[in-house]
$ cat work-v4.cif   # mmCIF, C-alpha atoms
data_run
loop_
_atom_site.label_atom_id
_atom_site.label_comp_id
_atom_site.auth_asym_id
_atom_site.auth_seq_id
_atom_site.Cartn_x
_atom_site.Cartn_y
_atom_site.Cartn_z
CA MET A 144 -17.10 -75.84 -2.62
CA ILE A 145 -18.05 -77.36 0.70
CA PRO A 146 -18.84 -81.07 0.29
CA VAL A 147 -22.53 -81.44 1.09
CA ARG A 148 -24.33 -84.20 -0.81
CA ASN A 149 -24.61 -87.32 1.37
CA LYS A 150 -22.08 -85.84 3.80
CA LYS A 151 -22.58 -85.83 7.56
CA ILE A 152 -22.65 -82.20 8.66
CA ALA A 153 -22.91 -81.01 12.25
CA VAL A 154 -24.51 -77.63 12.88
CA ILE A 155 -23.60 -76.20 16.27
CA GLY A 156 -26.21 -73.77 17.56
CA ALA A 157 -29.96 -74.06 17.00
CA ALA A 158 -30.97 -70.41 16.95
CA ARG A 159 -32.20 -68.66 13.80
CA SER A 160 -29.03 -69.10 11.72
CA GLY A 161 -28.50 -72.70 12.81
CA ILE A 162 -32.02 -73.78 11.88
CA SER A 163 -31.79 -71.91 8.58
CA VAL A 164 -28.51 -73.47 7.51
CA ALA A 165 -29.77 -76.91 8.57
CA ARG A 166 -32.76 -76.38 6.29
CA LEU A 167 -30.47 -75.30 3.41
CA LEU A 168 -28.16 -78.27 3.89
CA ARG A 169 -31.06 -80.73 3.97
CA LYS A 170 -32.33 -79.22 0.70
CA HIS A 171 -28.98 -80.12 -0.83
CA ASN A 172 -29.07 -83.68 0.47
CA ALA A 173 -26.73 -83.42 3.44
CA ILE A 174 -27.14 -85.66 6.49
CA VAL A 175 -27.53 -83.00 9.16
CA PHE A 176 -27.04 -83.23 12.92
CA VAL A 177 -27.76 -80.20 15.13
CA SER A 178 -26.28 -79.64 18.59
CA ASP A 179 -27.09 -76.89 21.08
CA SER A 180 -25.95 -76.54 24.68
CA LYS A 181 -29.21 -74.95 25.80
CA PRO A 182 -31.61 -77.29 27.64
CA LEU A 183 -34.50 -78.87 25.79
CA LYS A 184 -37.09 -76.98 27.87
CA VAL A 185 -36.11 -73.69 26.17
CA MET A 186 -35.61 -75.21 22.72
CA ARG A 187 -39.08 -76.59 22.02
CA GLU A 188 -39.61 -74.39 18.96
CA ALA A 189 -36.24 -75.38 17.49
CA MET A 190 -36.98 -79.03 18.18
CA ALA A 191 -40.28 -78.80 16.29
CA GLN A 192 -38.57 -77.24 13.28
CA LEU A 193 -35.83 -79.88 13.26
CA ASP A 194 -38.40 -82.67 13.54
CA GLU A 195 -40.13 -81.24 10.50
CA LEU A 196 -36.82 -81.34 8.62
CA ALA A 197 -36.15 -84.92 9.77
CA VAL A 198 -32.89 -83.75 11.32
CA GLN A 199 -31.31 -85.46 14.32
CA TYR A 200 -30.34 -83.24 17.24
CA GLU A 201 -29.12 -83.01 20.81
CA PHE A 202 -29.79 -80.35 23.43
CA GLY A 203 -28.20 -79.60 26.79
CA LYS A 204 -24.63 -80.41 25.79
CA HIS A 205 -22.27 -80.97 22.86
CA THR A 206 -21.25 -84.62 22.58
CA GLY A 207 -18.88 -86.70 20.52
CA LYS A 208 -21.61 -87.15 17.91
CA ILE A 209 -20.34 -83.89 16.45
CA LEU A 210 -16.95 -85.46 15.78
CA GLU A 211 -18.59 -88.27 13.81
CA CYS A 212 -19.54 -85.73 11.14
CA ASP A 213 -17.44 -84.80 8.10
CA VAL A 214 -17.96 -81.03 8.35
CA ILE A 215 -18.96 -78.59 11.11
CA VAL A 216 -21.03 -75.44 10.58
CA LEU A 217 -20.87 -72.90 13.38
CA SER A 218 -23.74 -70.57 14.24
CA PRO A 219 -22.53 -67.00 14.97
CA GLY A 220 -23.54 -67.04 18.64
CA VAL A 221 -21.29 -70.03 19.44
CA PRO A 222 -17.78 -69.19 20.71
CA GLN A 223 -14.88 -70.75 18.84
CA ASP A 224 -13.13 -71.93 22.00
CA ILE A 225 -15.69 -74.42 23.33
CA PRO A 226 -14.11 -77.83 24.10
CA ILE A 227 -15.83 -79.78 21.30
CA LEU A 228 -14.51 -77.34 18.70
CA LYS A 229 -10.99 -77.65 20.05
CA LEU A 230 -11.26 -81.41 19.68
CA ALA A 231 -12.64 -81.00 16.16
CA GLN A 232 -9.73 -78.76 15.21
CA GLN A 233 -7.26 -81.29 16.61
CA GLU A 234 -8.87 -83.92 14.39
CA GLY A 235 -8.57 -81.65 11.37
CA LYS A 236 -12.30 -81.16 10.87
CA LYS A 237 -13.33 -78.38 8.50
CA ILE A 238 -15.32 -75.67 10.27
CA TYR A 239 -17.42 -73.13 8.38
CA SER A 240 -19.66 -70.22 9.31
CA GLU A 241 -23.31 -70.12 8.26
CA ILE A 242 -22.67 -67.29 5.79
CA GLU A 243 -19.90 -69.35 4.16
CA VAL A 244 -22.31 -72.23 3.53
CA ALA A 245 -25.01 -69.91 2.18
CA TYR A 246 -22.49 -68.10 -0.02
CA GLN A 247 -21.77 -71.17 -2.11
CA TYR A 248 -25.43 -71.26 -3.17
CA CYS A 249 -25.82 -67.51 -3.77
CA GLU A 250 -26.16 -66.43 -7.41
CA SER A 251 -26.61 -62.73 -6.58
CA PRO A 252 -24.00 -60.02 -6.08
CA ILE A 253 -23.57 -59.35 -2.37
CA VAL A 254 -23.23 -56.07 -0.48
CA ALA A 255 -21.84 -56.97 2.96
CA ILE A 256 -21.85 -54.38 5.74
CA THR A 257 -20.00 -54.58 9.04
CA GLY A 258 -18.73 -52.27 11.78
CA SER A 259 -19.02 -51.84 15.52
CA ASN A 260 -22.04 -49.55 15.20
CA GLY A 261 -24.59 -48.63 12.56
CA LYS A 262 -24.71 -51.99 10.77
CA THR A 263 -28.45 -52.51 11.03
CA THR A 264 -29.33 -48.95 10.03
CA THR A 265 -26.93 -48.94 7.09
CA THR A 266 -27.93 -52.40 5.90
CA THR A 267 -31.63 -51.57 6.05
CA LEU A 268 -31.07 -48.23 4.32
CA ALA A 269 -28.96 -49.80 1.57
CA GLY A 270 -31.73 -52.31 1.01
CA GLU A 271 -34.26 -49.48 0.71
CA ILE A 272 -32.10 -47.75 -1.90
CA PHE A 273 -31.86 -50.88 -4.06
CA LYS A 274 -35.61 -51.46 -3.76
CA ARG A 275 -36.27 -47.83 -4.72
CA ALA A 276 -34.17 -48.39 -7.83
CA GLY A 277 -36.31 -51.39 -8.77
CA ARG A 278 -33.82 -54.12 -7.91
CA ASN A 279 -35.08 -57.42 -6.54
CA THR A 280 -33.51 -57.04 -3.09
CA PHE A 281 -32.98 -59.37 -0.15
CA VAL A 282 -31.85 -57.95 3.21
CA ALA A 283 -30.49 -60.62 5.52
CA GLY A 284 -27.61 -61.82 7.70
CA ASN A 285 -27.30 -60.50 11.22
CA ILE A 286 -30.65 -58.76 10.69
CA GLY A 287 -34.15 -60.12 10.15
CA VAL A 288 -33.60 -63.41 8.34
CA ALA A 289 -30.53 -65.59 7.95
CA PHE A 290 -28.54 -65.55 4.70
CA SER A 291 -29.35 -69.25 4.28
CA ASP A 292 -33.05 -68.44 4.07
CA VAL A 293 -32.78 -66.11 1.06
CA VAL A 294 -30.27 -67.76 -1.27
CA GLY A 295 -32.90 -70.02 -2.79
CA PHE A 296 -34.90 -66.99 -3.95
CA ALA A 297 -32.12 -64.67 -5.13
CA ASP A 298 -30.87 -64.90 -8.72
CA GLU A 299 -28.12 -63.17 -10.70
CA LYS A 300 -30.36 -60.12 -11.30
CA SER A 301 -31.12 -59.71 -7.60
CA VAL A 302 -28.94 -58.12 -4.93
CA VAL A 303 -28.36 -59.48 -1.42
CA VAL A 304 -27.57 -56.91 1.27
CA LEU A 305 -26.06 -58.55 4.33
CA GLU A 306 -25.43 -57.25 7.81
CA VAL A 307 -22.33 -59.18 8.85
CA SER A 308 -21.00 -59.45 12.40
CA SER A 309 -17.46 -60.28 13.46
CA PHE A 310 -18.80 -63.63 14.70
CA GLN A 311 -20.05 -64.51 11.23
CA LEU A 312 -16.71 -63.63 9.66
CA GLU A 313 -14.66 -65.86 11.95
CA GLN A 314 -15.04 -69.02 9.88
CA ILE A 315 -15.31 -67.78 6.31
CA HIS A 316 -13.17 -69.35 3.59
CA ASP A 317 -14.36 -68.15 0.16
CA PHE A 318 -17.06 -65.62 1.13
CA ARG A 319 -16.67 -62.76 -1.33
CA PRO A 320 -18.96 -59.73 -1.47
CA LYS A 321 -18.97 -57.54 -4.57
CA VAL A 322 -19.14 -54.53 -2.26
CA SER A 323 -17.96 -54.62 1.35
CA VAL A 324 -18.56 -51.82 3.85
CA LEU A 325 -16.70 -51.12 7.11
CA LEU A 326 -18.43 -48.39 9.09
CA ASN A 327 -16.24 -47.98 12.18
CA LEU A 328 -14.30 -49.79 14.88
CA SER A 329 -14.60 -49.51 18.66
CA PRO A 330 -14.20 -51.94 21.57
CA ASP A 331 -16.97 -54.53 21.57
CA HIS A 332 -17.49 -58.20 22.37
CA LEU A 333 -14.42 -58.24 24.60
CA ASP A 334 -16.18 -60.96 26.57
CA ARG A 335 -15.64 -63.19 23.52
CA TYR A 336 -12.31 -62.09 22.08
CA ALA A 337 -8.95 -62.41 23.82
CA SER A 338 -8.09 -58.85 22.79
CA TYR A 339 -9.47 -55.85 20.94
CA GLU A 340 -7.02 -56.61 18.13
CA ASP A 341 -8.58 -60.05 17.65
CA TYR A 342 -11.98 -58.41 17.29
CA VAL A 343 -10.61 -55.91 14.76
CA GLN A 344 -8.94 -58.64 12.72
CA ALA A 345 -12.24 -60.52 12.54
CA LYS A 346 -13.89 -57.39 11.11
CA PHE A 347 -11.11 -56.94 8.54
CA ARG A 348 -11.81 -60.40 7.14
CA ILE A 349 -14.76 -58.98 5.21
CA VAL A 350 -12.38 -58.00 2.37
CA GLU A 351 -10.01 -60.96 2.37
CA ASN A 352 -11.46 -62.64 -0.73
CA GLN A 353 -12.29 -59.49 -2.68
CA ARG A 354 -10.40 -58.91 -5.92
CA GLY A 355 -10.71 -57.53 -9.43
CA ARG A 356 -13.54 -55.01 -9.67
CA ASP A 357 -14.81 -55.59 -6.13
CA VAL A 358 -15.19 -52.48 -3.98
CA PHE A 359 -14.45 -51.61 -0.34
CA VAL A 360 -16.49 -48.72 1.12
CA TYR A 361 -15.03 -47.33 4.33
CA ASN A 362 -15.15 -44.59 6.95
CA TYR A 363 -12.26 -42.20 6.30
CA ASP A 364 -12.90 -40.48 9.65
CA ASP A 365 -12.04 -43.65 11.60
CA THR A 366 -8.24 -43.76 11.80
CA ALA A 367 -7.92 -47.53 12.17
CA VAL A 368 -10.30 -48.15 9.28
CA ARG A 369 -8.51 -45.61 7.08
CA GLU A 370 -5.09 -47.10 7.79
CA PHE A 371 -6.40 -50.56 6.94
CA ALA A 372 -7.94 -49.31 3.68
CA GLU A 373 -4.58 -47.86 2.65
CA THR A 374 -3.09 -51.38 2.64
CA LEU A 375 -5.61 -52.75 0.14
CA THR A 376 -5.14 -53.19 -3.61
CA ILE A 377 -8.85 -53.40 -4.53
CA LYS A 378 -10.92 -50.32 -5.37
CA THR A 379 -11.80 -48.29 -2.28
CA LEU A 380 -14.47 -45.62 -1.79
CA PRO A 381 -14.17 -43.55 1.41
CA PHE A 382 -16.86 -41.41 3.03
CA SER A 383 -16.24 -38.56 5.44
CA ARG A 384 -18.11 -35.95 7.47
CA GLU A 385 -14.87 -34.12 8.20
CA SER A 386 -12.75 -34.06 5.03
CA LYS A 387 -13.32 -33.51 1.31
CA MET A 388 -12.81 -36.73 -0.63
CA LYS A 389 -11.25 -36.84 -4.07
CA HIS A 390 -13.06 -40.10 -4.72
CA GLY A 391 -15.97 -41.12 -2.53
CA ALA A 392 -18.58 -39.15 -0.56
CA TYR A 393 -18.27 -36.19 1.77
CA VAL A 394 -20.17 -33.35 3.46
CA GLN A 395 -19.39 -29.73 2.71
CA ASP A 396 -21.41 -26.58 3.42
CA GLY A 397 -24.37 -28.64 4.51
CA ASN A 398 -24.48 -30.75 1.35
CA ILE A 399 -23.62 -34.37 0.63
CA PHE A 400 -21.42 -34.78 -2.43
CA PHE A 401 -20.33 -37.73 -4.52
CA SER A 402 -16.83 -37.33 -5.92
CA MET A 403 -16.49 -39.71 -8.85
CA GLU A 404 -14.19 -39.73 -11.84
CA LYS A 405 -12.74 -36.31 -10.98
CA LYS A 406 -16.21 -34.77 -10.83
CA ASP A 407 -18.07 -33.55 -7.75
CA GLU A 408 -21.81 -34.21 -7.85
CA PRO A 409 -24.12 -32.71 -5.22
CA LEU A 410 -26.47 -35.43 -3.98
CA MET A 411 -28.69 -33.67 -1.45
CA LEU A 412 -28.77 -31.43 1.60
CA ALA A 413 -27.46 -33.22 4.67
CA ALA A 414 -30.50 -31.91 6.56
CA GLU A 415 -32.77 -33.84 4.18
CA VAL A 416 -31.52 -37.21 5.42
CA GLY A 417 -34.47 -38.77 7.21
CA ILE A 418 -32.60 -40.18 10.22
CA ARG A 419 -31.29 -37.94 13.00
CA GLY A 420 -27.75 -37.74 14.36
CA ALA A 421 -24.31 -37.04 12.91
CA HIS A 422 -23.46 -40.74 13.02
CA ASN A 423 -26.42 -41.44 10.76
CA LEU A 424 -25.04 -39.00 8.23
CA SER A 425 -22.04 -41.34 8.00
CA ASN A 426 -24.35 -44.34 7.73
CA ALA A 427 -26.28 -42.62 4.94
CA MET A 428 -23.13 -41.92 2.96
CA ALA A 429 -21.97 -45.51 3.41
CA ALA A 430 -25.26 -46.87 2.06
CA ALA A 431 -25.22 -44.34 -0.78
CA LEU A 432 -21.69 -45.28 -1.84
CA ALA A 433 -22.49 -49.00 -1.70
CA ALA A 434 -25.43 -48.35 -4.01
CA ARG A 435 -23.41 -46.14 -6.34
CA ALA A 436 -20.75 -48.87 -6.56
CA MET A 437 -23.56 -51.08 -7.90
CA ASP A 438 -24.55 -48.41 -10.48
CA ILE A 439 -27.68 -47.18 -8.70
CA ASP A 440 -28.78 -43.71 -9.87
CA SER A 441 -28.62 -40.62 -7.67
CA LYS A 442 -32.40 -40.03 -7.78
CA SER A 443 -33.13 -43.42 -6.20
CA ILE A 444 -30.42 -42.89 -3.60
CA ARG A 445 -31.66 -39.42 -2.71
CA GLU A 446 -35.32 -40.43 -2.45
CA ALA A 447 -34.48 -43.40 -0.22
CA LEU A 448 -32.31 -41.27 2.08
CA GLN A 449 -35.08 -38.70 2.39
CA SER A 450 -37.87 -41.17 3.15
CA PHE A 451 -36.01 -43.54 5.48
CA THR A 452 -36.80 -42.78 9.13
CA GLY A 453 -34.78 -45.47 10.89
CA VAL A 454 -35.00 -49.04 12.13
CA GLU A 455 -36.80 -50.60 15.04
CA HIS A 456 -34.85 -50.54 18.34
CA ARG A 457 -32.40 -47.85 17.11
CA LEU A 458 -33.32 -44.39 18.43
CA GLU A 459 -36.93 -45.40 17.84
CA PHE A 460 -39.53 -42.93 19.10
CA VAL A 461 -42.10 -44.89 21.11
CA ARG A 462 -44.46 -42.41 22.73
CA GLU A 463 -44.75 -39.00 24.35
CA VAL A 464 -46.36 -38.92 27.79
CA GLU A 465 -47.05 -35.56 29.47
CA GLY A 466 -44.32 -33.90 27.45
CA VAL A 467 -41.74 -36.67 28.03
CA LYS A 468 -40.44 -38.55 24.99
CA TYR A 469 -39.67 -42.27 25.34
CA ILE A 470 -36.97 -43.60 23.00
CA ASN A 471 -36.15 -47.26 22.35
CA ASP A 472 -32.44 -47.68 21.59
CA SER A 473 -32.17 -51.31 22.66
CA LYS A 474 -29.85 -51.96 19.69
CA ALA A 475 -27.19 -49.86 21.48
CA THR A 476 -25.27 -52.80 22.94
CA ASN A 477 -21.88 -51.10 23.28
CA VAL A 478 -20.38 -47.88 24.58
CA ASP A 479 -19.95 -46.13 21.22
CA ALA A 480 -23.59 -46.75 20.30
CA VAL A 481 -24.71 -45.08 23.54
CA SER A 482 -22.36 -42.19 22.83
CA TYR A 483 -24.05 -41.64 19.47
CA ALA A 484 -27.45 -41.82 21.12
CA LEU A 485 -26.64 -39.27 23.82
CA GLN A 486 -25.25 -36.88 21.21
CA SER A 487 -28.50 -37.10 19.25
CA PHE A 488 -30.54 -35.23 21.88
CA THR A 489 -30.44 -31.69 23.24
CA GLU A 490 -33.12 -32.39 25.85
CA PRO A 491 -32.31 -33.57 29.41
CA ILE A 492 -32.07 -37.37 29.48
CA ILE A 493 -33.01 -40.07 31.93
CA LEU A 494 -30.96 -43.03 30.75
CA ILE A 495 -31.96 -46.66 31.26
CA ALA A 496 -28.85 -48.82 30.87
CA GLY A 497 -27.38 -52.17 31.83
CA GLY A 498 -27.60 -55.84 30.94
CA LYS A 499 -24.87 -58.38 30.29
CA ASP A 500 -21.48 -56.68 30.46
CA LYS A 501 -19.30 -57.11 27.35
CA GLY A 502 -15.95 -56.31 28.92
CA ALA A 503 -15.39 -52.75 27.70
CA SER A 504 -14.84 -49.69 29.90
CA TYR A 505 -17.73 -47.24 30.30
CA ALA A 506 -15.31 -44.37 30.98
CA PRO A 507 -15.65 -42.85 27.47
CA LEU A 508 -19.25 -41.96 28.35
CA HIS A 509 -18.42 -39.96 31.48
CA GLY A 510 -18.36 -36.53 29.82
CA LEU A 511 -21.59 -37.02 27.90
CA VAL A 512 -23.37 -38.47 30.91
CA LYS A 513 -22.25 -35.59 33.13
CA ASN A 514 -23.46 -32.97 30.64
CA LYS A 515 -26.64 -34.58 29.33
CA VAL A 516 -28.03 -37.13 31.80
CA LYS A 517 -30.17 -36.24 34.83
CA GLU A 518 -30.30 -39.79 36.16
CA ILE A 519 -29.21 -43.29 35.15
CA VAL A 520 -31.53 -46.18 35.95
CA LEU A 521 -29.53 -49.43 35.92
CA ILE A 522 -30.65 -52.99 35.32
CA GLY A 523 -29.13 -56.42 34.83
CA GLU A 524 -25.84 -58.09 35.66
CA ALA A 525 -23.79 -55.00 34.80
CA ALA A 526 -25.69 -52.68 37.14
CA GLU A 527 -23.17 -52.82 39.99
CA LYS A 528 -20.18 -52.23 37.70
CA MET A 529 -21.94 -49.37 35.91
CA GLU A 530 -22.95 -47.72 39.17
CA LYS A 531 -19.32 -47.71 40.30
CA GLU A 532 -18.26 -46.16 36.98
CA PHE A 533 -20.98 -43.46 36.82
CA LYS A 534 -21.72 -42.56 40.46
CA ASP A 535 -19.37 -39.56 40.35
CA VAL A 536 -20.94 -38.05 37.20
CA ALA A 537 -24.66 -38.78 37.59
CA LEU A 538 -27.31 -39.93 40.02
CA CYS A 539 -27.57 -43.73 39.68
CA ILE A 540 -30.53 -45.88 40.67
CA ARG A 541 -30.42 -49.70 40.50
CA THR A 542 -33.61 -51.64 39.82
CA THR A 543 -34.37 -55.31 39.39
CA SER A 544 -36.36 -55.28 36.14
CA LEU A 545 -36.96 -53.23 33.03
CA GLU A 546 -40.51 -52.56 34.14
CA ARG A 547 -39.31 -51.07 37.41
CA ALA A 548 -36.69 -49.07 35.52
CA VAL A 549 -39.32 -47.54 33.22
CA ASN A 550 -41.58 -46.75 36.19
CA GLU A 551 -38.66 -45.10 38.01
CA ALA A 552 -37.85 -43.01 34.94
CA HIS A 553 -41.53 -42.13 34.49
CA ALA A 554 -41.77 -40.95 38.09
CA LYS A 555 -38.65 -38.76 37.84
CA ALA A 556 -39.11 -37.33 34.34
CA THR A 557 -40.50 -33.83 33.88
CA TYR A 558 -41.90 -32.00 30.87
CA GLY A 559 -39.29 -31.74 28.08
CA ASP A 560 -37.19 -34.72 29.22
CA VAL A 561 -36.24 -37.77 27.18
CA VAL A 562 -36.36 -41.26 28.70
CA LEU A 563 -33.81 -43.22 26.70
CA LEU A 564 -33.30 -46.99 26.80
CA SER A 565 -29.72 -47.26 25.54
CA PRO A 566 -28.17 -50.15 27.47
CA ALA A 567 -24.46 -50.29 26.43
CA CYS A 568 -24.74 -54.01 27.18
CA ALA A 569 -25.93 -57.26 25.68
CA SER A 570 -29.42 -58.43 26.58
CA PHE A 571 -28.86 -62.12 27.30
CA ASP A 572 -28.99 -61.88 31.09
CA MET A 573 -32.69 -60.95 31.03
CA PHE A 574 -33.93 -61.25 27.43
CA ASP A 575 -33.59 -63.46 24.36
CA ASN A 576 -31.94 -60.68 22.35
CA TYR A 577 -31.97 -56.91 21.93
CA GLU A 578 -35.21 -57.11 19.90
CA HIS A 579 -36.96 -58.87 22.78
CA ARG A 580 -35.66 -56.21 25.19
CA GLY A 581 -36.86 -53.43 22.90
CA ARG A 582 -40.31 -54.94 22.45
CA VAL A 583 -40.74 -55.33 26.22
CA PHE A 584 -39.67 -51.71 26.72
CA LYS A 585 -42.26 -50.52 24.20
CA GLU A 586 -44.98 -52.62 25.81
CA ILE A 587 -44.20 -51.12 29.21
CA VAL A 588 -44.08 -47.57 27.86
CA ASN A 589 -47.36 -47.99 25.97
CA SER A 590 -49.02 -49.18 29.17
CA LEU A 591 -48.07 -46.04 31.14
CA ASN A 592 -51.00 -43.94 32.31
#
$ encode --input "work-v4.cif" --output "structure tokens"
Amino acid sequence: MIPVRNKKIAVIGAARSGISVARLLRKHNAIVFVSDSKPLKVMREAMAQLDELAVQYEFGKHTGKILECDVIVLSPGVPQDIPILKLAQQEGKKIYSEIEVAYQYCESPIVAITGSNGKTTTTTLAGEIFKRAGRNTFVAGNIGVAFSDVVGFADEKSVVVLEVSSFQLEQIHDFRPKVSVLLNLSPDHLDRYASYEDYVQAKFRIVENQRGRDVFVYNYDDTAVREFAETLTIKTLPFSRESKMKHGAYVQDGNIFFSMEKKDEPLMLAAEVGIRGAHNLSNAMAAALAARAMDIDSKSIREALQSFTGVEHRLEFVREVEGVKYINDSKATNVDAVSYALQSFTEPIILIAGGKDKGASYAPLHGLVKNKVKEIVLIGEAAEKMEKEFKDVALCIRTTSLERAVNEAHAKATYGDVVLLSPACASFDMFDNYEHRGRVFKEIVNSLN
């Protein structure tokens, strides 16, 4: 257990997770200090919440006040290599992630879902399955609300479904889900990690404390994920679109099957899954297996898969204007996510992309862009780099704002086209987060004449 009562605890980062864990720590009688490097003028809302909690704080820089604390809790958006953390490590300070702190107060079994792409969709869908089955369900983590905000309401009869990022896994110690899910691996966040391998190893940490009857659900079609699963001693349940599984879930002849205890059980037609795209068939199987591992019946799983139509900001239909469909895929913050998006449409595409570059190559998109995209409208810090990478495979136009990008796409689109916001980049150069970017896109689209 993390020592909390009457202990001085520094929380670094005052975004959603930081405020939430500060609130949880205060509830358990910790002396909390919050530090954020952002200037006070953009942190007024956080300041008001901390004042309400009677928590001391600093904005604009991280000072030595952090080192006066007994324990440090790191918000997921804060890099591990900032100078104050290096000093803390040299002094032997214990550093924990927000999900680690919340975990010690969680009475419910946890389903934790990670991967480079599909986390939000799969987490939301898994939550819908548990709710359909009548379970008291909390969906949290890297989606919606922080884990720290739900642990006070979840009991041993509830289930907590967590979307977990690599950032959140970096400083876990005892965090142990009953069911962990790894959807896929592809280069991402290379602006934060020294190497792709470091990023992968952070993802793999999701299973490190699992044991006994805990379960690992994984994507058999992803070679790196499969090879990792083969090293584990806990129970594993693979899913595959390409191969028949002896124990897990698979697709054959247009049907999704469970293979359990040497018996194949047809679940439903693959075409009945409510979300479009082959990648979402994998996400659906992952959510279904996670639910089955928690003894949820096939009827509840099937009904949830049929009725679920997707999450906001992920291939979200916004509006059709004069025969042109506008799609909000702001959640697509890396190259693989954009690849999935492009493969989901047969119509000609005008692609709006760009933002804060994350260090990965855009070359894997060249073939899809050449075959499917009429024009790319580029925004943000990455626009120049992306234009250099795509100029030989598509017409590229650089604009200075999302509004101008939408207007450019609107002017060029013709009947039957799709205008797709699928950025392949983070949003932080122009927006608070991908949700903010997606909301602005929808506002602009809904204002088109």
$ closest_residue --input "work-v4.cif" --among "A:Ser163, A:Ser570, A:Asn285, A:Gln314" --to "A:Thr476" --atoms "all atoms listed in the file"
A:Ser570
$ closest_atom_pairs --input "work-v4.cif" --of "stretch 312-362 of chain A" --to "stretch 252-257 of chain A" --cutoff "12 Å" --atoms "all atoms listed in the file" --output "tab-separated table"
residue	atom	partner	partner_atom	distance
A:Leu312	CA	A:Thr257	CA	9.6
A:Phe318	CA	A:Ile253	CA	9.7
A:Arg319	CA	A:Ile253	CA	7.8
A:Pro320	CA	A:Ile253	CA	4.7
A:Lys321	CA	A:Ile253	CA	5.4
A:Val322	CA	A:Val254	CA	4.7
A:Ser323	CA	A:Ala255	CA	4.8
A:Val324	CA	A:Ile256	CA	4.6
A:Leu325	CA	A:Thr257	CA	5.2
A:Leu326	CA	A:Thr257	CA	6.4
A:Asn327	CA	A:Thr257	CA	8.2
A:Leu328	CA	A:Thr257	CA	9.5
A:Val343	CA	A:Thr257	CA	11.1
A:Ala345	CA	A:Thr257	CA	10.4
A:Lys346	CA	A:Thr257	CA	7.0
A:Phe347	CA	A:Thr257	CA	9.2
A:Arg348	CA	A:Thr257	CA	10.2
A:Ile349	CA	A:Ala255	CA	7.7
A:Val350	CA	A:Ala255	CA	9.5
A:Gln353	CA	A:Ile253	CA	11.3
A:Asp357	CA	A:Val254	CA	10.2
A:Val358	CA	A:Val254	CA	9.5
A:Phe359	CA	A:Ala255	CA	9.7
A:Val360	CA	A:Ile256	CA	9.1
A:Tyr361	CA	A:Ile256	CA	9.9
A:Asn362	CA	A:Thr257	CA	11.3
$ residues_around --input "work-v4.cif" --residues "A:Thr557" --least-positions-apart "2" --cutoff "12 Å" --atoms "only C-alpha atoms" --output "MDAnalysis selection string"
chainID A and resid 463:468 490:493 517 552:555 559:562
$ residues_around --input "work-v4.cif" --residues "A:Gly497" --least-positions-apart "4" --cutoff "7 Å" --atoms "only C-alpha atoms" --output "PDB file with C-alpha atoms, in the coordinates of the input"
ATOM      1  CA  LEU A 521     -29.530 -49.430  35.920  1.00  0.00           C
ATOM      2  CA  ILE A 522     -30.650 -52.990  35.320  1.00  0.00           C
ATOM      3  CA  GLY A 523     -29.130 -56.420  34.830  1.00  0.00           C
ATOM      4  CA  ALA A 525     -23.790 -55.000  34.800  1.00  0.00           C
ATOM      5  CA  ALA A 526     -25.690 -52.680  37.140  1.00  0.00           C
ATOM      6  CA  PRO A 566     -28.170 -50.150  27.470  1.00  0.00           C
ATOM      7  CA  ALA A 567     -24.460 -50.290  26.430  1.00  0.00           C
ATOM      8  CA  CYS A 568     -24.740 -54.010  27.180  1.00  0.00           C
TER       9      CYS A 568
END
$ residues_around --input "work-v4.cif" --residues "A:Asp292" --least-positions-apart "5" --cutoff "12 Å" --atoms "all atoms listed in the file" --output "PyMOL selection string"
chain A and resi 159-168+170+241-242+244-246+248-249+281-284+286-287+297+303
$ closest_residue --input "work-v4.cif" --among "A:Glu243, A:Glu195, A:Asp334, A:Glu518" --to "A:Leu563" --atoms "only C-alpha atoms"
A:Glu518
$ resolve_selection --input "work-v4.cif" --expression "the PyMOL selection byres ((chain A and resi 200) around 12)" --output "PyMOL selection string"
chain A and resi 152-157+161-162+165+174-181+183+186-187+189-194+196-199+201-206+208-209
$ atom_distance --input "work-v4.cif" --atom1 "atom CA of A:Glu446" --atom2 "atom CA of A:Val394"
17.7 Å
$ atom_distance --input "work-v4.cif" --atom1 "atom CA of A:Ser402" --atom2 "atom CA of A:Arg275"
22.1 Å
$ atom_distance --input "work-v4.cif" --atom1 "atom CA of A:Phe584" --atom2 "atom CA of A:Thr489"
22.3 Å
$ closest_residue --input "work-v4.cif" --among "A:Ala421, A:Met428, A:Ile225, A:Leu375" --to "A:Phe401" --atoms "only C-alpha atoms"
A:Met428
$ closest_residue --input "work-v4.cif" --among "A:Leu508, A:Val302, A:Ile272, A:Val288" --to "A:Ser251" --atoms "only C-alpha atoms"
A:Val302
$ residues_near_point --input "work-v4.cif" --point "(-16.9, -45.0, 19.0)" --cutoff "8 Å" --atoms "all atoms listed in the file" --output "PyMOL selection string"
chain A and resi 259-260+327-330+478-480+482-483
